[in-house]
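Following: one structure in structure tokens, then a few remarks.
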Amino acid sequence: RAPPFWPHNARMHMHRLVVAFTVALAGATVLAQEQADPKTLIPGPTLNAIAQHISGAQARNHVLEMCPYERNRPAEEYASGTYRESAYAEKMAKEYGFSDVHIERFPLGAKQWDGEMGELWMTEPAPAQLITRYRDIATTLATGSRSGDVTAELVYVGRGDTAADYQGKDVKGKIVLGSGPVGALHNLAVRQFGAEGVVSFFNGTGKPVDRPDQMGWSGITASPDPNVKTTWGFILSLRMGLDLLGRLERHQKVMLHAKVKAAEYDAPMNVVVATIPGDGSTNEEFHFTAHLFEGIAKQGANDNCGGPATQLEAGRAWIEMIKDGTLPKPKRTVRFLWVPEISGTRAYLTAHPELGQHVVASVSTDMVGANQTINHNSLHLNQTMYSIPSIINDVSRQRSEEHTSELQS
């Protein structure tokens, strides 16, 4: 789940930083002697100054410091209650001069799964061959997997996400290979038909043939019923899966050895908070939010350390421009919230119900670091519903349309 991101060409992420500034500054005081360009809403000299202060390369560097690759989060981080990404974001926000920088912690509500070791070997036909290893590629171990050490024959069941896929196949005590989602595969193969574990080469994003070595982050859902069996699952790339399938289609007997070690921790959620104070003329606030975590075990460069990294750099440049007189203080306090996705936002707003009375708008940046050309995808802009119209829609839409025109020209 970590496609190529942040190309060396800075134009793409420079644009995103300028978008963030434009949306926020639309509600701030603009220097009186400047007249806004009707095509940009913000005066040209101000936009030029912003472009000179911000650095797409520095935003990318933040990603490389926080989440350069998926890794096993060490037990010490769970014990301390402060995670690598949180500590880094807090440290840099303080260094850059943000105000009221701190980490708030909230109960997760359940134990946090964490993978510690996972290896999948093909022991037959000989010689033994390593297929994949959690230490090398953390996404290869399905989240929610339980510890186990099994050697068993491999059986292919097609997609494996419907009962019909298992008709005429004996999978009890064996390892099942399928092209369907690992969770659905495990639910049927293990829990209904008695398999030892599952191996999936499912890829639900884009065209797998275009990305034959990509692995999608996915997992197994634990059952609240203690009598429902949960074992483990491995996720393979399309190329790996087709290699195993090819062996089976050539009528080879394939034996796999799966070794998994997983743990659970009592761990809090971290919400990193930082602000740029307003000029005191109003108690209204403008929020920038981005999720620093999806759960806690997963760490993602594109999803979504890129969001907080972009906002951290935007805030640094903004504070610098306020200090050197290029920009006035914003009218409204600007609050940055870097949270666990969805659950962290809810926990923070529940703990601070008064904020709901003061927030005029919020911008969330999610997965903004991908190189869209390489990944054959696009950037999506979500706006408010027609029933709750906002000037933010016009500002963001105008800026995006301008950027589209620049690219077309």
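Following the order of the structure tokens, first chain is A, next is B, and so on, with residues numbered from 1 inside each chain and ligands from 1 in the order they appear.
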
Would you list the contacts of region 226-236 of chain A as a list in words, taking every protein, DNA or RNA residue within 7 Å and counting only C-alpha atoms, but skipping same-chain residues closer than 6 positions in sequence?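 Using only C-alpha atoms, the neighbours found are Thr140, Leu141, Ala142, Ser145, Arg146, Val182, Arg191, Glu196, Gly197, Val198, Val199, Ser200, Phe201 and Met215 of chain A.
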
Near Cys305 (chain A), counting only C-alpha atoms, which residues have an atom at most 12 Å away, once you skip same-chain residues fewer than 6 positions from it, shown as an mmCIF file with all heavy atoms, in the first residue's frame?
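Saved to part05.cif:
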```
data_model
loop_
_atom_site.group_PDB
_atom_site.id
_atom_site.type_symbol
_atom_site.label_atom_id
_atom_site.label_comp_id
_atom_site.auth_asym_id
_atom_site.auth_seq_id
_atom_site.Cartn_x
_atom_site.Cartn_y
_atom_site.Cartn_z
ATOM 1 N N ALA A 2 2.000 1.162 -0.607
ATOM 2 C CA ALA A 2 2.897 2.309 -0.648
ATOM 3 C C ALA A 2 3.400 2.515 -2.067
ATOM 4 O O ALA A 2 4.514 2.177 -2.393
ATOM 5 C CB ALA A 2 4.074 2.113 0.308
ATOM 6 N N PHE A 5 5.731 7.757 -4.555
ATOM 7 C CA PHE A 5 5.173 9.022 -4.107
ATOM 8 C C PHE A 5 6.216 10.117 -4.183
ATOM 9 O O PHE A 5 7.398 9.891 -4.278
ATOM 10 C CB PHE A 5 4.632 8.901 -2.679
ATOM 11 C CG PHE A 5 5.712 8.704 -1.650
ATOM 12 C CD1 PHE A 5 6.191 9.777 -0.926
ATOM 13 C CD2 PHE A 5 6.263 7.453 -1.431
ATOM 14 C CE1 PHE A 5 7.181 9.599 0.017
ATOM 15 C CE2 PHE A 5 7.263 7.272 -0.492
ATOM 16 C CZ PHE A 5 7.720 8.349 0.228
ATOM 17 N N TRP A 6 5.712 11.313 -4.156
ATOM 18 C CA TRP A 6 6.524 12.516 -4.099
ATOM 19 C C TRP A 6 7.642 12.540 -5.131
ATOM 20 O O TRP A 6 8.799 12.327 -4.831
ATOM 21 C CB TRP A 6 7.105 12.729 -2.702
ATOM 22 C CG TRP A 6 6.513 13.976 -2.120
ATOM 23 C CD1 TRP A 6 6.787 15.259 -2.464
ATOM 24 C CD2 TRP A 6 5.507 14.042 -1.113
ATOM 25 N NE1 TRP A 6 6.015 16.111 -1.738
ATOM 26 C CE2 TRP A 6 5.232 15.401 -0.889
ATOM 27 C CE3 TRP A 6 4.823 13.097 -0.368
ATOM 28 C CZ2 TRP A 6 4.302 15.834 0.029
ATOM 29 C CZ3 TRP A 6 3.905 13.531 0.549
ATOM 30 C CH2 TRP A 6 3.652 14.883 0.730
ATOM 31 N N ALA A 59 8.629 18.837 2.548
ATOM 32 C CA ALA A 59 7.463 18.033 2.899
ATOM 33 C C ALA A 59 7.759 16.554 2.649
ATOM 34 O O ALA A 59 7.419 15.688 3.459
ATOM 35 C CB ALA A 59 6.251 18.486 2.091
ATOM 36 N N ARG A 60 8.397 16.273 1.541
ATOM 37 C CA ARG A 60 8.773 14.885 1.234
ATOM 38 C C ARG A 60 9.756 14.353 2.269
ATOM 39 O O ARG A 60 9.674 13.189 2.686
ATOM 40 C CB ARG A 60 9.394 14.820 -0.158
ATOM 41 C CG ARG A 60 9.826 13.421 -0.591
ATOM 42 C CD ARG A 60 10.342 13.448 -2.021
ATOM 43 N NE ARG A 60 10.705 12.116 -2.492
ATOM 44 C CZ ARG A 60 11.916 11.565 -2.362
ATOM 45 N NH1 ARG A 60 12.887 12.241 -1.762
ATOM 46 N NH2 ARG A 60 12.159 10.368 -2.826
ATOM 47 N N ASN A 61 10.678 15.195 2.713
ATOM 48 C CA ASN A 61 11.643 14.760 3.732
ATOM 49 C C ASN A 61 10.942 14.377 5.026
ATOM 50 O O ASN A 61 11.359 13.448 5.721
ATOM 51 C CB ASN A 61 12.672 15.862 3.987
ATOM 52 C CG ASN A 61 13.609 16.056 2.809
ATOM 53 O OD1 ASN A 61 13.725 15.183 1.952
ATOM 54 N ND2 ASN A 61 14.267 17.204 2.759
ATOM 55 N N HIS A 62 9.869 15.104 5.377
ATOM 56 C CA HIS A 62 9.111 14.749 6.580
ATOM 57 C C HIS A 62 8.540 13.338 6.454
ATOM 58 O O HIS A 62 8.542 12.564 7.420
ATOM 59 C CB HIS A 62 7.972 15.749 6.804
ATOM 60 C CG HIS A 62 8.423 17.108 7.233
ATOM 61 N ND1 HIS A 62 9.459 17.316 8.116
ATOM 62 C CD2 HIS A 62 7.969 18.354 6.888
ATOM 63 C CE1 HIS A 62 9.638 18.617 8.303
ATOM 64 N NE2 HIS A 62 8.756 19.261 7.572
ATOM 65 N N VAL A 63 8.036 13.014 5.273
ATOM 66 C CA VAL A 63 7.498 11.676 5.054
ATOM 67 C C VAL A 63 8.589 10.629 5.248
ATOM 68 O O VAL A 63 8.391 9.592 5.891
ATOM 69 C CB VAL A 63 6.893 11.549 3.638
ATOM 70 C CG1 VAL A 63 6.455 10.109 3.367
ATOM 71 C CG2 VAL A 63 5.708 12.492 3.477
ATOM 72 N N LEU A 64 9.768 10.911 4.709
ATOM 73 C CA LEU A 64 10.869 9.954 4.807
ATOM 74 C C LEU A 64 11.355 9.790 6.249
ATOM 75 O O LEU A 64 11.888 8.742 6.616
ATOM 76 C CB LEU A 64 12.029 10.402 3.916
ATOM 77 C CG LEU A 64 11.727 10.404 2.409
ATOM 78 C CD1 LEU A 64 12.923 10.937 1.632
ATOM 79 C CD2 LEU A 64 11.367 9.006 1.936
ATOM 80 N N GLU A 65 11.191 10.814 7.062
ATOM 81 C CA GLU A 65 11.565 10.707 8.480
ATOM 82 C C GLU A 65 10.521 9.924 9.273
ATOM 83 O O GLU A 65 10.854 9.151 10.167
ATOM 84 C CB GLU A 65 11.735 12.101 9.091
ATOM 85 C CG GLU A 65 12.947 12.874 8.586
ATOM 86 C CD GLU A 65 14.250 12.341 9.157
ATOM 87 O OE1 GLU A 65 14.212 11.546 10.106
ATOM 88 O OE2 GLU A 65 15.316 12.734 8.643
ATOM 89 N N MET A 66 9.239 10.129 8.947
ATOM 90 C CA MET A 66 8.174 9.516 9.739
ATOM 91 C C MET A 66 7.823 8.109 9.274
ATOM 92 O O MET A 66 7.706 7.182 10.082
ATOM 93 C CB MET A 66 6.917 10.394 9.690
ATOM 94 C CG MET A 66 7.018 11.676 10.477
ATOM 95 S SD MET A 66 5.421 12.534 10.606
ATOM 96 C CE MET A 66 5.221 13.154 8.938
ATOM 97 N N CYS A 67 7.614 7.938 7.972
ATOM 98 C CA CYS A 67 7.065 6.683 7.456
ATOM 99 C C CYS A 67 7.749 6.279 6.158
ATOM 100 O O CYS A 67 7.086 6.195 5.118
ATOM 101 C CB CYS A 67 5.571 6.827 7.192
ATOM 102 S SG CYS A 67 4.634 7.651 8.487
ATOM 103 N N PRO A 68 9.040 6.049 6.165
ATOM 104 C CA PRO A 68 9.704 5.735 4.898
ATOM 105 C C PRO A 68 9.284 4.385 4.332
ATOM 106 O O PRO A 68 9.345 4.173 3.128
ATOM 107 C CB PRO A 68 11.191 5.732 5.280
ATOM 108 C CG PRO A 68 11.198 5.407 6.746
ATOM 109 C CD PRO A 68 9.978 6.074 7.302
ATOM 110 N N TYR A 69 8.859 3.478 5.190
ATOM 111 C CA TYR A 69 8.411 2.160 4.752
ATOM 112 C C TYR A 69 7.643 1.512 5.899
ATOM 113 O O TYR A 69 7.749 1.929 7.061
ATOM 114 C CB TYR A 69 9.603 1.271 4.355
ATOM 115 C CG TYR A 69 10.656 1.130 5.437
ATOM 116 C CD1 TYR A 69 10.552 0.157 6.429
ATOM 117 C CD2 TYR A 69 11.754 1.989 5.479
ATOM 118 C CE1 TYR A 69 11.500 0.036 7.427
ATOM 119 C CE2 TYR A 69 12.706 1.884 6.479
ATOM 120 C CZ TYR A 69 12.580 0.904 7.443
ATOM 121 O OH TYR A 69 13.525 0.799 8.449
ATOM 122 N N GLU A 70 6.848 0.500 5.563
ATOM 123 C CA GLU A 70 6.137 -0.250 6.594
ATOM 124 C C GLU A 70 7.147 -1.027 7.440
ATOM 125 O O GLU A 70 8.077 -1.632 6.912
ATOM 126 C CB GLU A 70 5.158 -1.232 5.944
ATOM 127 C CG GLU A 70 4.125 -0.587 5.034
ATOM 128 C CD GLU A 70 3.057 0.165 5.776
ATOM 129 O OE1 GLU A 70 3.027 0.091 7.030
ATOM 130 O OE2 GLU A 70 2.246 0.830 5.126
ATOM 131 N N ARG A 84 6.355 6.902 16.936
ATOM 132 C CA ARG A 84 7.410 7.561 16.189
ATOM 133 C C ARG A 84 6.899 8.776 15.415
ATOM 134 O O ARG A 84 7.498 9.851 15.457
ATOM 135 C CB ARG A 84 8.017 6.547 15.218
ATOM 136 C CG ARG A 84 9.000 7.120 14.210
ATOM 137 C CD ARG A 84 9.557 6.006 13.345
ATOM 138 N NE ARG A 84 10.427 6.499 12.297
ATOM 139 C CZ ARG A 84 11.231 5.732 11.592
ATOM 140 N NH1 ARG A 84 11.281 4.432 11.831
ATOM 141 N NH2 ARG A 84 12.000 6.231 10.649
ATOM 142 N N GLU A 85 5.781 8.617 14.707
ATOM 143 C CA GLU A 85 5.239 9.703 13.908
ATOM 144 C C GLU A 85 4.808 10.882 14.784
ATOM 145 O O GLU A 85 5.045 12.046 14.441
ATOM 146 C CB GLU A 85 4.038 9.212 13.098
ATOM 147 C CG GLU A 85 4.349 8.027 12.187
ATOM 148 C CD GLU A 85 4.078 6.685 12.847
ATOM 149 O OE1 GLU A 85 4.403 6.532 14.041
ATOM 150 O OE2 GLU A 85 3.532 5.795 12.165
ATOM 151 N N SER A 86 4.168 10.572 15.910
ATOM 152 C CA SER A 86 3.701 11.629 16.816
ATOM 153 C C SER A 86 4.868 12.427 17.377
ATOM 154 O O SER A 86 4.835 13.664 17.420
ATOM 155 C CB SER A 86 2.913 11.024 17.980
ATOM 156 O OG SER A 86 1.897 10.181 17.518
ATOM 157 N N TYR A 88 7.846 12.809 16.176
ATOM 158 C CA TYR A 88 8.500 13.619 15.148
ATOM 159 C C TYR A 88 7.672 14.862 14.817
ATOM 160 O O TYR A 88 8.207 15.978 14.738
ATOM 161 C CB TYR A 88 8.716 12.794 13.882
ATOM 162 C CG TYR A 88 9.346 13.587 12.759
ATOM 163 C CD1 TYR A 88 10.729 13.743 12.694
ATOM 164 C CD2 TYR A 88 8.562 14.192 11.782
ATOM 165 C CE1 TYR A 88 11.307 14.486 11.674
ATOM 166 C CE2 TYR A 88 9.135 14.933 10.766
ATOM 167 C CZ TYR A 88 10.505 15.083 10.714
ATOM 168 O OH TYR A 88 11.082 15.827 9.710
ATOM 169 N N ALA A 89 6.361 14.681 14.617
ATOM 170 C CA ALA A 89 5.508 15.819 14.280
ATOM 171 C C ALA A 89 5.519 16.851 15.401
ATOM 172 O O ALA A 89 5.579 18.067 15.151
ATOM 173 C CB ALA A 89 4.087 15.336 14.004
ATOM 174 N N THR A 289 -6.778 19.266 9.155
ATOM 175 C CA THR A 289 -6.712 17.928 9.740
ATOM 176 C C THR A 289 -6.109 16.952 8.734
ATOM 177 O O THR A 289 -6.244 17.107 7.523
ATOM 178 C CB THR A 289 -8.117 17.418 10.137
ATOM 179 O OG1 THR A 289 -8.944 17.343 8.970
ATOM 180 C CG2 THR A 289 -8.757 18.346 11.149
ATOM 181 N N ALA A 290 -5.433 15.945 9.257
ATOM 182 C CA ALA A 290 -4.886 14.869 8.424
ATOM 183 C C ALA A 290 -4.611 13.685 9.332
ATOM 184 O O ALA A 290 -4.225 13.860 10.493
ATOM 185 C CB ALA A 290 -3.599 15.308 7.726
ATOM 186 N N HIS A 291 -4.827 12.480 8.823
ATOM 187 C CA HIS A 291 -4.600 11.329 9.697
ATOM 188 C C HIS A 291 -3.159 10.849 9.583
ATOM 189 O O HIS A 291 -2.624 10.660 8.514
ATOM 190 C CB HIS A 291 -5.611 10.209 9.455
ATOM 191 C CG HIS A 291 -5.538 9.494 8.155
ATOM 192 N ND1 HIS A 291 -6.167 9.925 7.008
ATOM 193 C CD2 HIS A 291 -4.927 8.324 7.813
ATOM 194 C CE1 HIS A 291 -5.956 9.079 6.029
ATOM 195 N NE2 HIS A 291 -5.196 8.088 6.481
ATOM 196 N N LEU A 292 -2.580 10.728 10.756
ATOM 197 C CA LEU A 292 -1.200 10.269 10.889
ATOM 198 C C LEU A 292 -1.150 8.752 11.057
ATOM 199 O O LEU A 292 -0.096 8.145 10.909
ATOM 200 C CB LEU A 292 -0.571 10.958 12.104
ATOM 201 C CG LEU A 292 0.946 11.013 12.245
ATOM 202 C CD1 LEU A 292 1.598 11.594 11.005
ATOM 203 C CD2 LEU A 292 1.324 11.824 13.483
ATOM 204 N N PHE A 293 -2.292 8.159 11.372
ATOM 205 C CA PHE A 293 -2.367 6.717 11.626
ATOM 206 C C PHE A 293 -3.635 6.138 11.010
ATOM 207 O O PHE A 293 -4.668 6.790 10.978
ATOM 208 C CB PHE A 293 -2.418 6.415 13.135
ATOM 209 C CG PHE A 293 -1.334 7.058 13.936
ATOM 210 C CD1 PHE A 293 -1.545 8.292 14.535
ATOM 211 C CD2 PHE A 293 -0.107 6.439 14.101
ATOM 212 C CE1 PHE A 293 -0.544 8.899 15.282
ATOM 213 C CE2 PHE A 293 0.894 7.034 14.840
ATOM 214 C CZ PHE A 293 0.681 8.269 15.432
ATOM 215 N N GLU A 294 -3.543 4.900 10.554
ATOM 216 C CA GLU A 294 -4.711 4.079 10.244
ATOM 217 C C GLU A 294 -4.617 2.900 11.195
ATOM 218 O O GLU A 294 -3.896 1.946 10.939
ATOM 219 C CB GLU A 294 -4.689 3.606 8.800
ATOM 220 C CG GLU A 294 -4.923 4.731 7.814
ATOM 221 C CD GLU A 294 -5.353 4.224 6.454
ATOM 222 O OE1 GLU A 294 -5.884 3.100 6.377
ATOM 223 O OE2 GLU A 294 -5.159 4.952 5.487
ATOM 224 N N LYS A 298 -0.183 0.015 11.324
ATOM 225 C CA LYS A 298 0.150 0.369 9.946
ATOM 226 C C LYS A 298 0.817 1.740 9.885
ATOM 227 O O LYS A 298 0.389 2.684 10.533
ATOM 228 C CB LYS A 298 -1.108 0.390 9.084
ATOM 229 C CG LYS A 298 -0.860 0.833 7.651
ATOM 230 C CD LYS A 298 -2.176 0.968 6.892
ATOM 231 C CE LYS A 298 -1.914 1.427 5.466
ATOM 232 N NZ LYS A 298 -1.339 2.770 5.398
ATOM 233 N N GLN A 299 1.842 1.837 9.066
ATOM 234 C CA GLN A 299 2.469 3.126 8.788
ATOM 235 C C GLN A 299 2.503 3.293 7.277
ATOM 236 O O GLN A 299 2.993 2.416 6.567
ATOM 237 C CB GLN A 299 3.884 3.183 9.339
ATOM 238 C CG GLN A 299 3.946 2.960 10.850
ATOM 239 C CD GLN A 299 4.755 1.730 11.198
ATOM 240 O OE1 GLN A 299 5.962 1.718 11.081
ATOM 241 N NE2 GLN A 299 4.081 0.666 11.619
ATOM 242 N N GLN A 311 0.989 19.606 5.622
ATOM 243 C CA GLN A 311 0.488 20.653 6.516
ATOM 244 C C GLN A 311 1.591 21.206 7.408
ATOM 245 O O GLN A 311 1.611 22.407 7.711
ATOM 246 C CB GLN A 311 -0.661 20.095 7.350
ATOM 247 C CG GLN A 311 -1.887 19.757 6.515
ATOM 248 C CD GLN A 311 -3.040 19.253 7.353
ATOM 249 O OE1 GLN A 311 -2.990 19.274 8.595
ATOM 250 N NE2 GLN A 311 -4.099 18.803 6.705
ATOM 251 N N LEU A 312 2.495 20.355 7.839
ATOM 252 C CA LEU A 312 3.611 20.809 8.662
ATOM 253 C C LEU A 312 4.456 21.826 7.898
ATOM 254 O O LEU A 312 4.856 22.866 8.447
ATOM 255 C CB LEU A 312 4.457 19.609 9.077
ATOM 256 C CG LEU A 312 5.604 19.852 10.066
ATOM 257 C CD1 LEU A 312 5.083 20.368 11.392
ATOM 258 C CD2 LEU A 312 6.386 18.551 10.279
ATOM 259 N N TRP A 338 -3.414 16.258 13.808
ATOM 260 C CA TRP A 338 -2.866 15.093 13.122
ATOM 261 C C TRP A 338 -3.245 13.872 13.954
ATOM 262 O O TRP A 338 -2.741 13.673 15.062
ATOM 263 C CB TRP A 338 -1.362 15.257 12.946
ATOM 264 C CG TRP A 338 -1.065 16.509 12.152
ATOM 265 C CD1 TRP A 338 -1.722 16.944 11.040
ATOM 266 C CD2 TRP A 338 -0.069 17.502 12.431
ATOM 267 N NE1 TRP A 338 -1.189 18.144 10.599
ATOM 268 C CE2 TRP A 338 -0.167 18.506 11.427
ATOM 269 C CE3 TRP A 338 0.920 17.645 13.400
ATOM 270 C CZ2 TRP A 338 0.660 19.622 11.389
ATOM 271 C CZ3 TRP A 338 1.746 18.753 13.374
ATOM 272 C CH2 TRP A 338 1.615 19.730 12.364
ATOM 273 N N VAL A 339 -4.116 13.058 13.411
ATOM 274 C CA VAL A 339 -4.913 12.128 14.211
ATOM 275 C C VAL A 339 -4.884 10.700 13.666
ATOM 276 O O VAL A 339 -4.498 10.466 12.526
ATOM 277 C CB VAL A 339 -6.387 12.597 14.211
ATOM 278 C CG1 VAL A 339 -6.504 14.006 14.752
ATOM 279 C CG2 VAL A 339 -6.979 12.533 12.790
ATOM 280 N N PRO A 340 -5.336 9.712 14.472
ATOM 281 C CA PRO A 340 -5.707 8.417 13.915
ATOM 282 C C PRO A 340 -6.975 8.608 13.076
ATOM 283 O O PRO A 340 -7.896 9.315 13.502
ATOM 284 C CB PRO A 340 -5.989 7.554 15.148
ATOM 285 C CG PRO A 340 -5.276 8.245 16.267
ATOM 286 C CD PRO A 340 -5.349 9.705 15.947
ATOM 287 N N GLU A 341 -7.014 8.013 11.910
ATOM 288 C CA GLU A 341 -8.106 8.274 10.978
ATOM 289 C C GLU A 341 -9.465 8.000 11.621
ATOM 290 O O GLU A 341 -9.703 6.959 12.204
ATOM 291 C CB GLU A 341 -7.959 7.419 9.717
ATOM 292 C CG GLU A 341 -8.974 7.769 8.645
ATOM 293 C CD GLU A 341 -8.741 7.011 7.360
ATOM 294 O OE1 GLU A 341 -8.158 5.911 7.403
ATOM 295 O OE2 GLU A 341 -9.135 7.516 6.293
ATOM 296 N N THR A 365 -6.270 16.825 4.299
ATOM 297 C CA THR A 365 -5.431 16.372 3.187
ATOM 298 C C THR A 365 -5.149 14.889 3.374
ATOM 299 O O THR A 365 -4.550 14.476 4.354
ATOM 300 C CB THR A 365 -4.114 17.167 3.114
ATOM 301 O OG1 THR A 365 -3.470 17.155 4.394
ATOM 302 C CG2 THR A 365 -4.370 18.603 2.722
ATOM 303 N N ASP A 366 -5.580 14.104 2.401
ATOM 304 C CA ASP A 366 -5.490 12.648 2.496
ATOM 305 C C ASP A 366 -4.862 12.103 1.222
ATOM 306 O O ASP A 366 -5.358 12.341 0.126
ATOM 307 C CB ASP A 366 -6.899 12.069 2.675
ATOM 308 C CG ASP A 366 -6.890 10.609 3.103
ATOM 309 O OD1 ASP A 366 -5.836 9.958 2.935
ATOM 310 O OD2 ASP A 366 -7.912 10.123 3.591
ATOM 311 N N MET A 367 -3.742 11.397 1.359
ATOM 312 C CA MET A 367 -3.071 10.763 0.232
ATOM 313 C C MET A 367 -2.738 11.766 -0.866
ATOM 314 O O MET A 367 -3.100 11.598 -2.026
ATOM 315 C CB MET A 367 -3.927 9.608 -0.312
ATOM 316 C CG MET A 367 -4.159 8.510 0.706
ATOM 317 S SD MET A 367 -5.176 7.128 0.110
ATOM 318 C CE MET A 367 -4.065 6.406 -1.093
ATOM 319 N N VAL A 368 -2.041 12.823 -0.488
ATOM 320 C CA VAL A 368 -1.710 13.878 -1.450
ATOM 321 C C VAL A 368 -0.304 13.727 -2.019
ATOM 322 O O VAL A 368 0.133 14.548 -2.823
ATOM 323 C CB VAL A 368 -1.835 15.276 -0.800
ATOM 324 C CG1 VAL A 368 -3.254 15.544 -0.389
ATOM 325 C CG2 VAL A 368 -0.891 15.409 0.399
ATOM 326 N N GLY A 369 0.423 12.683 -1.632
ATOM 327 C CA GLY A 369 1.816 12.573 -2.032
ATOM 328 C C GLY A 369 2.094 11.697 -3.231
ATOM 329 O O GLY A 369 3.225 11.624 -3.683
ATOM 330 N N ALA A 370 1.074 11.018 -3.754
ATOM 331 C CA ALA A 370 1.333 10.066 -4.831
ATOM 332 C C ALA A 370 1.704 10.766 -6.131
ATOM 333 O O ALA A 370 1.193 11.843 -6.439
ATOM 334 C CB ALA A 370 0.111 9.188 -5.064
#
```

Skipping near chain neighbours, those fewer than 2 positions away, what residues fall within 7 Å of region 116-121 of chain A using only C-alpha atoms, listed as a list of chain:residue names? A:Asn72, A:Asp114, A:Thr123, A:Ala128, A:Gln129, A:Leu130, A:Ile131, A:Thr132, A:Arg133, A:Tyr134, A:Arg135, A:Leu141, A:Leu256, A:His257, A:Ala258, A:Lys259, A:Val260, A:Lys261, A:Ala262

Write out the residues from the selection above, keeping C-alpha atoms, as a compact mmCIF listing (two decimals), in the first residue's frame.
```txt
# COMPACT_ATOMS: atom_id res chain seq x y z
CA ASN A 72 7.21 -3.58 12.80
CA ASP A 114 0.80 -6.00 16.00
CA THR A 123 9.54 -26.54 1.11
CA ALA A 128 13.32 -24.82 0.05
CA GLN A 129 12.55 -21.32 -1.17
CA LEU A 130 11.52 -18.20 0.74
CA ILE A 131 8.37 -16.71 -0.78
CA THR A 132 7.83 -13.67 1.43
CA ARG A 133 8.81 -12.31 4.84
CA TYR A 134 7.18 -9.75 7.13
CA ARG A 135 10.55 -8.28 8.08
CA LEU A 141 1.22 -10.34 6.74
CA LEU A 256 4.32 -24.46 2.28
CA HIS A 257 5.74 -23.71 5.71
CA ALA A 258 4.14 -20.69 7.41
CA LYS A 259 5.56 -19.17 10.58
CA VAL A 260 3.73 -16.27 12.23
CA LYS A 261 4.23 -14.42 15.49
CA ALA A 262 1.76 -11.71 16.49
```

In Å, how far is it from CA of Asn304 (chain A) to CA of Pro277 (chain A)? 25.8 Å

Do you have, as a Markdown table, the list of residues of region 27-123 of chain A lying at most 12 Å from region 351-360 of chain A, each with its nearest atom pair and that distance in Å to one decimal, counting only C-alpha atoms and ordered by chain then number?
```
| residue | atom | partner | partner_atom | distance |
| --- | --- | --- | --- | --- |
| A:Gly27 | CA | A:Val360 | CA | 9.5 |
| A:Glu104 | CA | A:Ala351 | CA | 10.0 |
| A:Arg105 | CA | A:Ala351 | CA | 10.6 |
| A:Phe106 | CA | A:Ala351 | CA | 9.2 |
| A:Pro107 | CA | A:Ala351 | CA | 11.8 |
```

Residues just named, written with all heavy atoms as a PDB file, in the first residue's frame:
```pdb
ATOM      1  N   GLY A  27      -9.901  33.542   4.246  1.00  0.00           N
ATOM      2  CA  GLY A  27     -10.606  34.048   5.412  1.00  0.00           C
ATOM      3  C   GLY A  27      -9.743  34.924   6.291  1.00  0.00           C
ATOM      4  O   GLY A  27     -10.142  35.304   7.382  1.00  0.00           O
ATOM      5  N   GLU A 104      -2.212  14.707  22.628  1.00  0.00           N
ATOM      6  CA  GLU A 104      -3.287  14.244  23.501  1.00  0.00           C
ATOM      7  C   GLU A 104      -3.508  12.758  23.239  1.00  0.00           C
ATOM      8  O   GLU A 104      -3.423  12.292  22.091  1.00  0.00           O
ATOM      9  CB  GLU A 104      -4.563  15.040  23.256  1.00  0.00           C
ATOM     10  CG  GLU A 104      -4.409  16.515  23.616  1.00  0.00           C
ATOM     11  CD  GLU A 104      -5.729  17.251  23.712  1.00  0.00           C
ATOM     12  OE1 GLU A 104      -6.781  16.588  23.903  1.00  0.00           O
ATOM     13  OE2 GLU A 104      -5.718  18.492  23.594  1.00  0.00           O
ATOM     14  N   ARG A 105      -3.790  12.025  24.299  1.00  0.00           N
ATOM     15  CA  ARG A 105      -3.933  10.571  24.198  1.00  0.00           C
ATOM     16  C   ARG A 105      -5.344  10.162  24.606  1.00  0.00           C
ATOM     17  O   ARG A 105      -5.888  10.691  25.586  1.00  0.00           O
ATOM     18  CB  ARG A 105      -2.887   9.869  25.059  1.00  0.00           C
ATOM     19  CG  ARG A 105      -1.456  10.124  24.566  1.00  0.00           C
ATOM     20  CD  ARG A 105      -0.407   9.689  25.570  1.00  0.00           C
ATOM     21  NE  ARG A 105       0.936   9.922  25.041  1.00  0.00           N
ATOM     22  CZ  ARG A 105       1.552  11.114  25.065  1.00  0.00           C
ATOM     23  NH1 ARG A 105       0.935  12.169  25.603  1.00  0.00           N
ATOM     24  NH2 ARG A 105       2.761  11.243  24.561  1.00  0.00           N
ATOM     25  N   PHE A 106      -5.888   9.222  23.856  1.00  0.00           N
ATOM     26  CA  PHE A 106      -7.242   8.748  24.109  1.00  0.00           C
ATOM     27  C   PHE A 106      -7.258   7.226  24.052  1.00  0.00           C
ATOM     28  O   PHE A 106      -6.476   6.619  23.302  1.00  0.00           O
ATOM     29  CB  PHE A 106      -8.207   9.312  23.057  1.00  0.00           C
ATOM     30  CG  PHE A 106      -8.239  10.808  23.011  1.00  0.00           C
ATOM     31  CD1 PHE A 106      -7.455  11.509  22.095  1.00  0.00           C
ATOM     32  CD2 PHE A 106      -9.046  11.532  23.878  1.00  0.00           C
ATOM     33  CE1 PHE A 106      -7.474  12.894  22.051  1.00  0.00           C
ATOM     34  CE2 PHE A 106      -9.064  12.915  23.844  1.00  0.00           C
ATOM     35  CZ  PHE A 106      -8.283  13.599  22.929  1.00  0.00           C
ATOM     36  N   PRO A 107      -8.128   6.592  24.820  1.00  0.00           N
ATOM     37  CA  PRO A 107      -8.171   5.126  24.800  1.00  0.00           C
ATOM     38  C   PRO A 107      -8.591   4.613  23.433  1.00  0.00           C
ATOM     39  O   PRO A 107      -9.464   5.189  22.771  1.00  0.00           O
ATOM     40  CB  PRO A 107      -9.205   4.780  25.876  1.00  0.00           C
ATOM     41  CG  PRO A 107     -10.011   6.028  26.051  1.00  0.00           C
ATOM     42  CD  PRO A 107      -9.087   7.165  25.781  1.00  0.00           C
TER      43      PRO A 107
END
```
